[in-house]
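Printed here is my_file32.txt (compact mmCIF, C-alpha atoms):
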# COMPACT_ATOMS: atom_id res chain seq x y z
CA MET A 1 16.87 44.12 -8.22
CA GLN A 2 18.05 41.24 -6.07
CA ASP A 3 21.35 39.57 -6.88
CA GLU A 4 20.49 36.00 -7.98
CA THR A 5 23.92 35.04 -9.31
CA PHE A 6 24.27 32.27 -6.71
CA LEU A 7 21.07 30.67 -8.02
CA LEU A 8 22.08 30.96 -11.66
CA GLU A 9 25.47 29.40 -10.95
CA LYS A 10 23.86 26.29 -9.47
CA LEU A 11 21.35 26.06 -12.31
CA GLU A 12 24.20 26.33 -14.82
CA VAL A 13 25.93 23.34 -13.18
CA ARG A 14 22.76 21.29 -13.61
CA GLU A 15 22.47 22.39 -17.23
CA GLN A 16 26.08 21.42 -17.98
CA ASP A 17 25.43 17.98 -16.46
CA LEU A 18 22.27 17.59 -18.60
CA ALA A 19 20.39 17.30 -15.31
CA LEU A 20 18.35 20.53 -15.36
CA ARG A 21 14.79 19.76 -14.33
CA SER A 22 11.74 21.48 -15.80
CA LEU A 23 7.98 21.08 -15.63
CA LYS A 24 6.58 19.13 -18.58
CA LYS A 25 3.18 19.57 -20.17
CA GLN A 26 0.81 16.64 -20.39
CA ASN A 27 0.78 14.85 -23.74
CA ASP A 28 -1.12 12.19 -25.65
CA ARG A 29 1.70 9.64 -25.81
CA ILE A 30 1.19 6.09 -24.51
CA ASP A 31 1.70 6.33 -20.74
CA PHE A 32 4.76 4.42 -19.53
CA CYS A 33 5.80 6.91 -16.85
CA SER A 34 2.98 7.73 -14.42
CA ASN A 35 2.34 6.00 -11.08
CA ASP A 36 -1.33 5.49 -11.98
CA TYR A 37 -0.77 1.71 -12.01
CA LEU A 38 -4.46 0.70 -12.05
CA GLY A 39 -5.69 3.65 -14.09
CA LEU A 40 -7.87 4.91 -11.26
CA ALA A 41 -6.77 8.53 -11.62
CA ARG A 42 -8.42 8.54 -15.04
CA ASN A 43 -11.23 6.10 -14.25
CA LYS A 44 -14.56 7.72 -15.14
CA SER A 45 -16.61 5.30 -13.04
CA LEU A 46 -14.58 6.11 -9.93
CA GLN A 47 -14.78 9.82 -10.67
CA LYS A 48 -18.54 9.57 -11.05
CA GLN A 49 -18.85 7.86 -7.67
CA ILE A 50 -16.63 10.51 -6.07
CA ASN A 51 -18.73 13.30 -7.61
CA GLN A 52 -21.96 11.67 -6.39
CA GLU A 53 -20.55 11.27 -2.90
CA ILE A 54 -19.41 14.89 -2.76
CA SER A 55 -22.63 16.25 -4.24
CA HIS A 56 -24.89 14.12 -2.05
CA ASN A 57 -23.14 15.08 1.18
CA LEU A 58 -22.27 18.67 0.24
CA TYR A 59 -18.67 18.20 1.34
CA ALA A 60 -16.57 21.34 1.46
CA HIS A 61 -13.72 22.03 -0.93
CA GLY A 62 -11.68 23.80 1.72
CA GLY A 63 -10.04 22.39 4.84
CA THR A 64 -10.58 25.72 6.71
CA GLY A 65 -7.69 25.10 9.10
CA SER A 66 -5.50 22.42 10.64
CA ARG A 67 -7.20 19.31 11.96
CA LEU A 68 -6.43 20.49 15.50
CA ILE A 69 -8.35 23.74 15.01
CA SER A 70 -11.23 23.62 12.51
CA GLY A 71 -10.31 21.11 9.81
CA ASN A 72 -11.20 17.79 11.46
CA HIS A 73 -14.36 17.02 9.47
CA PRO A 74 -16.22 13.88 10.71
CA LEU A 75 -15.38 12.21 7.40
CA PHE A 76 -11.71 12.00 8.46
CA GLU A 77 -12.39 9.63 11.33
CA LYS A 78 -14.86 7.56 9.30
CA THR A 79 -12.32 7.13 6.50
CA GLU A 80 -9.44 6.44 8.88
CA SER A 81 -11.48 3.65 10.47
CA LYS A 82 -12.16 2.17 7.01
CA ILE A 83 -8.46 2.30 6.09
CA ALA A 84 -7.40 0.75 9.41
CA ARG A 85 -9.86 -2.13 8.97
CA PHE A 86 -8.76 -2.80 5.41
CA HIS A 87 -5.07 -2.84 6.34
CA ARG A 88 -5.62 -4.78 9.59
CA ALA A 89 -4.16 -2.01 11.72
CA GLU A 90 -5.26 -0.67 15.09
CA GLU A 91 -5.42 2.92 13.83
CA ALA A 92 -4.82 5.08 10.76
CA LEU A 93 -3.98 8.77 10.56
CA ILE A 94 -4.45 10.68 7.30
CA PHE A 95 -1.81 13.14 6.12
CA ASN A 96 -1.97 15.55 3.17
CA SER A 97 0.56 13.55 1.10
CA GLY A 98 3.02 10.69 1.26
CA TYR A 99 5.80 13.24 1.67
CA ASP A 100 4.04 14.82 4.65
CA ALA A 101 3.39 11.42 6.21
CA ASN A 102 7.01 10.29 5.94
CA LEU A 103 8.46 13.62 7.02
CA GLY A 104 6.08 13.99 9.94
CA LEU A 105 6.40 10.42 11.18
CA ILE A 106 10.17 10.03 11.11
CA SER A 107 11.05 13.51 12.40
CA ALA A 108 8.60 13.13 15.31
CA ILE A 109 9.31 9.65 16.64
CA ALA A 110 13.12 9.49 16.53
CA GLY A 111 14.64 11.57 19.31
CA ARG A 112 18.05 12.49 20.62
CA GLY A 113 19.99 9.37 21.55
CA ASP A 114 17.96 7.14 19.19
CA ALA A 115 19.33 5.47 16.08
CA ILE A 116 17.79 5.14 12.62
CA VAL A 117 19.12 2.45 10.29
CA TYR A 118 17.84 2.90 6.75
CA ASP A 119 18.18 1.24 3.37
CA ASN A 120 20.38 3.44 1.19
CA LEU A 121 17.72 3.53 -1.57
CA ILE A 122 14.81 4.89 0.48
CA HIS A 123 12.77 7.80 -0.84
CA ALA A 124 13.84 11.43 -0.38
CA SER A 125 10.87 12.09 1.92
CA LEU A 126 12.08 9.44 4.36
CA ARG A 127 15.63 10.81 4.16
CA ASP A 128 14.34 14.32 4.87
CA GLY A 129 12.44 13.02 7.90
CA ILE A 130 15.64 11.39 9.15
CA ARG A 131 17.56 14.61 8.57
CA LEU A 132 15.03 16.60 10.62
CA SER A 133 15.00 14.11 13.49
CA LEU A 134 17.44 14.29 16.41
CA ALA A 135 18.51 10.66 15.96
CA THR A 136 21.84 9.37 14.69
CA ALA A 137 21.41 7.79 11.25
CA TYR A 138 23.20 4.85 9.64
CA SER A 139 22.56 3.51 6.14
CA PHE A 140 22.85 -0.12 5.09
CA LEU A 141 23.41 -1.52 1.62
CA HIS A 142 20.22 -2.00 -0.36
CA ASN A 143 18.35 -5.14 0.74
CA ASP A 144 21.58 -6.49 2.30
CA MET A 145 20.55 -8.30 5.48
CA ARG A 146 24.13 -9.06 6.52
CA ASN A 147 24.98 -5.37 6.37
CA LEU A 148 21.78 -4.48 8.26
CA GLU A 149 22.67 -6.93 11.02
CA GLU A 150 26.19 -5.50 11.27
CA LYS A 151 24.65 -2.08 11.95
CA LEU A 152 22.01 -3.31 14.41
CA LYS A 153 24.30 -5.45 16.55
CA ARG A 154 26.47 -2.42 17.38
CA LEU A 155 23.56 -0.31 18.61
CA LYS A 156 22.72 -0.47 22.29
CA ARG A 157 19.87 2.06 22.18
CA ARG A 158 16.39 2.45 20.78
CA SER A 159 16.62 1.82 17.05
CA PHE A 160 14.31 2.25 14.06
CA VAL A 161 14.74 0.45 10.75
CA VAL A 162 13.31 2.39 7.80
CA VAL A 163 12.65 0.70 4.43
CA GLU A 164 10.26 0.59 1.50
CA SER A 165 8.34 -2.53 0.53
CA VAL A 166 8.78 -1.73 -3.19
CA TYR A 167 11.57 0.56 -4.35
CA SER A 168 10.57 3.19 -6.86
CA MET A 169 13.87 3.41 -8.75
CA ASP A 170 14.67 -0.32 -8.94
CA GLY A 171 11.25 -1.97 -8.81
CA ASP A 172 12.37 -4.66 -6.39
CA GLU A 173 10.86 -5.74 -3.07
CA ALA A 174 12.35 -5.69 0.41
CA PRO A 175 13.05 -9.10 2.02
CA LEU A 176 10.60 -8.36 4.80
CA GLY A 177 10.67 -11.82 6.38
CA ASP A 178 14.42 -11.72 7.01
CA MET A 179 14.21 -8.06 7.99
CA ILE A 180 11.54 -8.71 10.61
CA ALA A 181 13.60 -11.56 12.07
CA LEU A 182 16.55 -9.19 12.51
CA CYS A 183 14.39 -6.43 13.99
CA ASN A 184 12.91 -8.86 16.49
CA ARG A 185 16.34 -10.20 17.41
CA TYR A 186 17.79 -6.74 18.05
CA GLU A 187 14.57 -5.14 19.33
CA ALA A 188 14.45 -2.58 16.52
CA LYS A 189 11.20 -0.94 15.41
CA LEU A 190 10.39 -1.48 11.72
CA ILE A 191 8.87 1.30 9.59
CA ILE A 192 7.76 0.39 6.06
CA ASP A 193 6.72 2.75 3.26
CA GLU A 194 4.21 0.84 1.10
CA ALA A 195 3.71 3.64 -1.46
CA HIS A 196 4.44 1.52 -4.54
CA ALA A 197 2.79 -1.64 -3.17
CA THR A 198 -0.57 -0.13 -2.22
CA GLY A 199 -3.26 -1.19 -4.66
CA VAL A 200 -0.92 -3.46 -6.62
CA ILE A 201 0.44 -6.18 -4.33
CA GLY A 202 -1.91 -8.59 -2.56
CA GLU A 203 -5.21 -10.13 -3.56
CA LYS A 204 -7.02 -6.84 -2.89
CA GLY A 205 -4.08 -4.48 -3.27
CA GLU A 206 -3.46 -4.38 0.46
CA GLY A 207 0.33 -4.24 0.12
CA LEU A 208 3.33 -6.49 0.68
CA VAL A 209 3.15 -6.47 4.49
CA GLN A 210 -0.35 -7.97 4.53
CA GLN A 211 0.39 -10.32 1.66
CA LEU A 212 3.08 -11.81 3.90
CA GLY A 213 0.88 -11.58 7.02
CA VAL A 214 3.45 -9.65 9.03
CA GLU A 215 1.53 -6.48 9.88
CA LYS A 216 1.83 -7.14 13.64
CA ASP A 217 5.63 -7.07 13.32
CA CYS A 218 5.66 -3.47 12.03
CA PHE A 219 5.91 -0.40 14.22
CA ALA A 220 4.42 1.76 11.47
CA ARG A 221 3.32 1.49 7.84
CA ILE A 222 2.77 4.31 5.37
CA HIS A 223 0.24 3.89 2.55
CA THR A 224 0.00 6.67 -0.02
CA PHE A 225 -3.00 7.31 -2.24
CA GLY A 226 -1.56 9.29 -5.15
CA LYS A 227 -0.26 6.25 -7.02
CA ALA A 228 -2.32 3.10 -7.64
CA VAL A 229 -5.20 4.34 -5.46
CA GLY A 230 -5.64 7.22 -7.91
CA VAL A 231 -6.49 10.08 -5.53
CA HIS A 232 -4.35 12.08 -3.07
CA GLY A 233 -3.04 11.92 0.49
CA ALA A 234 -1.56 9.20 2.69
CA ALA A 235 -2.07 7.40 5.97
CA VAL A 236 0.24 6.21 8.72
CA LEU A 237 -0.89 2.91 10.23
CA GLY A 238 0.02 1.82 13.74
CA SER A 239 -1.19 1.65 17.32
CA LYS A 240 -3.58 3.98 19.13
CA THR A 241 -0.59 5.28 21.07
CA LEU A 242 1.32 6.07 17.87
CA LYS A 243 -1.68 7.93 16.44
CA GLN A 244 -2.07 10.01 19.60
CA PHE A 245 1.67 10.73 19.61
CA LEU A 246 1.63 11.94 15.98
CA ILE A 247 -1.38 14.17 16.62
CA ASN A 248 0.73 15.83 19.31
CA TYR A 249 4.17 15.84 17.67
CA ALA A 250 3.99 15.44 13.87
CA ARG A 251 4.61 18.96 12.59
CA THR A 252 3.38 18.18 9.07
CA LEU A 253 -0.03 17.36 10.58
CA ILE A 254 -0.18 20.08 13.25
CA TYR A 255 1.00 23.07 11.25
CA THR A 256 -0.81 22.68 7.94
CA THR A 257 -4.35 23.13 6.67
CA ALA A 258 -6.19 19.82 6.60
CA LEU A 259 -7.17 18.10 3.38
CA PRO A 260 -10.56 19.37 2.17
CA PRO A 261 -13.42 17.01 3.10
CA ALA A 262 -14.01 16.51 -0.63
CA ASP A 263 -10.53 14.97 -0.93
CA VAL A 264 -11.19 12.71 2.06
CA ALA A 265 -14.43 11.60 0.40
CA ALA A 266 -12.39 10.69 -2.69
CA ILE A 267 -10.04 8.57 -0.54
CA SER A 268 -13.02 6.81 1.03
CA VAL A 269 -14.61 6.01 -2.34
CA ALA A 270 -11.27 4.80 -3.74
CA TYR A 271 -10.93 2.38 -0.82
CA ASP A 272 -14.32 0.93 -1.74
CA TYR A 273 -13.24 0.65 -5.37
CA PHE A 274 -9.66 -0.56 -5.83
CA PRO A 275 -9.86 -3.78 -3.75
CA LYS A 276 -12.35 -5.14 -6.32
CA MET A 277 -9.96 -4.71 -9.27
CA LYS A 278 -8.70 -8.30 -9.41
CA GLU A 279 -8.85 -8.54 -13.21
CA GLU A 280 -6.89 -5.32 -13.59
CA ARG A 281 -4.18 -6.58 -11.24
CA LYS A 282 -4.10 -9.90 -13.11
CA HIS A 283 -3.68 -8.15 -16.46
CA LEU A 284 -0.95 -5.95 -15.01
CA GLN A 285 0.97 -8.99 -13.79
CA GLN A 286 0.71 -10.55 -17.25
CA LEU A 287 2.24 -7.41 -18.77
CA ILE A 288 5.03 -7.45 -16.19
CA SER A 289 5.84 -11.10 -16.88
CA HIS A 290 5.84 -10.50 -20.63
CA PHE A 291 8.22 -7.55 -20.35
CA GLN A 292 10.54 -9.45 -18.01
CA ARG A 293 10.73 -12.45 -20.38
CA THR A 294 11.74 -10.27 -23.32
CA ASN A 295 15.38 -9.94 -24.35
CA LEU A 296 16.64 -6.38 -24.74
CA PRO A 297 20.04 -5.03 -25.84
CA PHE A 298 20.30 -3.27 -22.43
CA GLU A 299 20.62 -4.41 -18.84
CA LYS A 300 17.16 -4.90 -17.37
CA LEU A 301 16.68 -5.18 -13.61
CA PRO A 302 14.57 -8.10 -12.34
CA SER A 303 11.17 -6.92 -11.05
CA THR A 304 7.74 -8.42 -10.43
CA THR A 305 6.23 -4.96 -9.93
CA PRO A 306 4.94 -2.36 -12.42
CA ILE A 307 8.30 -0.56 -12.15
CA GLN A 308 10.61 -1.88 -14.89
CA ILE A 309 14.15 -0.56 -15.11
CA VAL A 310 16.33 -0.42 -18.23
CA MET A 311 19.86 0.68 -17.34
CA MET A 312 21.43 3.33 -19.57
CA PRO A 313 24.51 4.81 -17.86
CA GLY A 314 25.18 8.48 -18.56
CA ASN A 315 22.75 11.38 -18.56
CA GLU A 316 23.24 12.07 -22.27
CA GLU A 317 22.74 8.44 -23.26
CA ALA A 318 19.61 8.00 -21.12
CA LEU A 319 18.12 11.26 -22.37
CA THR A 320 18.80 10.34 -25.99
CA LEU A 321 17.05 6.99 -25.66
CA ALA A 322 14.06 8.49 -23.82
CA THR A 323 13.72 11.25 -26.42
CA ASN A 324 13.80 8.68 -29.22
CA LEU A 325 10.97 6.72 -27.59
CA GLN A 326 8.94 9.89 -27.01
CA ARG A 327 9.21 10.77 -30.71
CA LYS A 328 7.62 7.41 -31.42
CA GLY A 329 4.65 8.18 -29.19
CA LEU A 330 5.84 6.40 -26.04
CA ASP A 331 5.91 8.47 -22.84
CA VAL A 332 9.04 7.06 -21.21
CA LYS A 333 11.19 9.18 -18.92
CA ALA A 334 14.90 9.00 -18.15
CA ILE A 335 16.03 9.04 -14.51
CA LEU A 336 19.26 10.99 -14.35
CA SER A 337 21.94 11.76 -11.82
CA PRO A 338 21.72 13.27 -9.22
CA SER A 339 18.33 11.56 -8.75
CA VAL A 340 20.29 8.29 -9.06
CA PRO A 341 24.07 7.89 -8.58
CA LYS A 342 26.27 8.85 -11.51
CA GLY A 343 26.76 5.81 -13.72
CA LYS A 344 23.38 4.36 -12.66
CA GLU A 345 21.20 6.42 -15.00
CA ARG A 346 18.23 4.54 -16.43
CA LEU A 347 14.84 4.47 -18.05
CA ARG A 348 12.09 3.96 -15.49
CA ILE A 349 9.28 2.25 -17.36
CA THR A 350 6.00 1.90 -15.49
CA LEU A 351 3.39 -0.55 -16.70
CA HIS A 352 -0.33 -0.07 -16.09
CA ALA A 353 -3.49 -2.12 -16.07
CA PHE A 354 -4.77 0.06 -18.95
CA ASN A 355 -1.77 -0.67 -21.20
CA ALA A 356 -2.62 -3.10 -24.01
CA PHE A 357 -0.27 -5.91 -25.04
CA GLU A 358 0.13 -4.17 -28.40
CA GLU A 359 1.43 -1.06 -26.63
CA ILE A 360 3.95 -3.08 -24.61
CA GLN A 361 5.06 -4.84 -27.77
CA LYS A 362 5.59 -1.51 -29.54
CA LEU A 363 7.79 -0.38 -26.65
CA ILE A 364 9.79 -3.63 -26.76
CA VAL A 365 10.36 -3.40 -30.52
CA CYS A 366 11.51 0.21 -30.22
CA LEU A 367 13.99 -0.76 -27.49
CA GLN A 368 15.24 -3.77 -29.45
CA ASN A 369 15.77 -1.72 -32.60
CA TYR A 370 17.36 1.33 -30.98
What do you get writing this file as structure tokens?
Amino acid sequence: MQDETFLLEKLEVREQDLALRSLKKQNDRIDFCSNDYLGLARNKSLQKQINQEISHNLYAHGGTGSRLISGNHPLFEKTESKIARFHRAEEALIFNSGYDANLGLISAIAGRGDAIVYDNLIHASLRDGIRLSLATAYSFLHNDMRNLEEKLKRLKRRSFVVVESVYSMDGDEAPLGDMIALCNRYEAKLIIDEAHATGVIGEKGEGLVQQLGVEKDCFARIHTFGKAVGVHGAAVLGSKTLKQFLINYARTLIYTTALPPADVAAISVAYDYFPKMKEERKHLQQLISHFQRTNLPFEKLPSTTPIQIVMMPGNEEALTLATNLQRKGLDVKAILSPSVPKGKERLRITLHAFNAFEEIQKLIVCLQNY
């Protein structure tokens, strides 16, 4: 019997802090917690098209090996070309997940002697990529352009700026225009994770970068497919040179079994489908505006995205409020420390195109009467 005391001691600390994580079963409550912003993960019409595509072309359900050995099915390159055209990029490279894309990209491109300057609220996958790189890393205050400039002006070497277009724990957007001006001034290379903008922001869900028309000012963009796109995987967008470099140096691409062709077919079908969902995006924006206009007895962060934040400092307090809402049939989750800093605990409410106004109103009334 192995001694696991050291594991139990750490788990006990989490339990004492009311921060012990566990896997939850799916339920039939009203969904206010998933990232399925457009409802595509549960969309029967999309699923039918995916099934027809897979059945018609007899696509395999196994990747068989890494893309560099046996897993590079022709459908990969066809789908990557479609994604690149849609996002107005020179090239796209598919990874198995958003985590793999971020980890592989950042750890590969930033070398010894380089600098990475990153927003202090970026996702854990980006932070892990930074940690695995050989670059020196500096954080700047969230969306604070003055603080970003202070960092950049001191650096006299190749620098990368790493941000998200929409932040998953606050629901706000990056000031990309000002950020690009600074990157151009100090010759820094801008990397933008569009995970929570893909499918939602822009006339066709193309993301914040294209909505602003600044795609040529980005060194790399990451679009993930497991949120509003409703399937799985991710793509890094950039130049032909960047794609070739990642094929040679991105360890999360080289040393893993490729996505099964059936999954790539699903990505391809989803890219035909979600750009047409203008009415769904319009309805979603109406729900967002309605929620933002409503007065609540809690601090509510400003957001024009599906991510709506109600601040509830303290793990116990946030858990109690979330549990109360769940008992009333509303699937709302609390975000606790250490996932967010202590004192910044919150409810992360996600709105969806399939949520009815009556459901949003029920949530508002429950919050107002808590």
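We find atom CA of Glu203 of chain A and atom CA of Phe219 of chain A to be spaced 23.1 Å apart.
The gap separating atom CA of Val231 of chain A from atom CA of Ile83 of chain A is 14.1 Å, in Å to one decimal.
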Pick from A:Ile222, A:Ala318, A:Leu40, A:Ala235 nearest to Met277 of chain A, counting only C-alpha atoms: A:Leu40
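Reported to one decimal place, the separation of atom CA of Gln52 of chain A from atom CA of Ala265 of chain A is 10.1 Å.
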Spatial neighbours of segment 284-289 of chain A, max dist 10 Å, all atoms listed in the file, sep filter under 5 positions, as JSON, numbers by chain: {"A": [37, 38, 200, 201, 278, 279, 294, 303, 304, 305, 306, 307, 308, 350, 351, 352, 353, 354, 355, 356, 357, 360, 361]}
Pick from A:His232, A:Arg21, A:Arg112, A:Lys344, whichever lies nearest to Ala262 of chain A using all atoms listed in the file: A:His232
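Contact shell of Ile267 of chain A at 10 Å (all atoms listed in the file; same-chain neighbours under 2 positions omitted): Ile50, Phe76, Thr79, Glu80, Ile83, Ile94, Phe225, Gly226, Val229, Gly230, Val231, His232, Gly233, Ala234, Pro261, Ala262, Asp263, Val264, Ala265, Val269, Ala270, Tyr271, Asp272 and Tyr273 of chain A.
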Just the residues within 7 Å of Ser165 of chain A, please, counting all atoms listed in the file, with nothing from its chain fewer than 5 positions along; format it as a PDB file with C-alpha atoms, keeping the file's coordinate frame.
ATOM      1  CA  GLU A 173      10.860  -5.740  -3.070  1.00  0.00           C
ATOM      2  CA  ALA A 174      12.350  -5.690   0.410  1.00  0.00           C
ATOM      3  CA  ILE A 192       7.760   0.390   6.060  1.00  0.00           C
ATOM      4  CA  ASP A 193       6.720   2.750   3.260  1.00  0.00           C
ATOM      5  CA  GLU A 194       4.210   0.840   1.100  1.00  0.00           C
ATOM      6  CA  ALA A 197       2.790  -1.640  -3.170  1.00  0.00           C
ATOM      7  CA  LEU A 208       3.330  -6.490   0.680  1.00  0.00           C
TER       8      LEU A 208
END
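Of the listed residues A:Phe298, A:Phe160, A:Phe6, A:Phe245, the one whose atoms come nearest to Cys218 of chain A is A:Phe160, with distances taken using all atoms listed in the file.
Using only C-alpha atoms, the shortest contact distance between Lys204 of chain A and any of A:Ile116, A:Pro338, A:Met179, A:Phe86 is found at A:Phe86.
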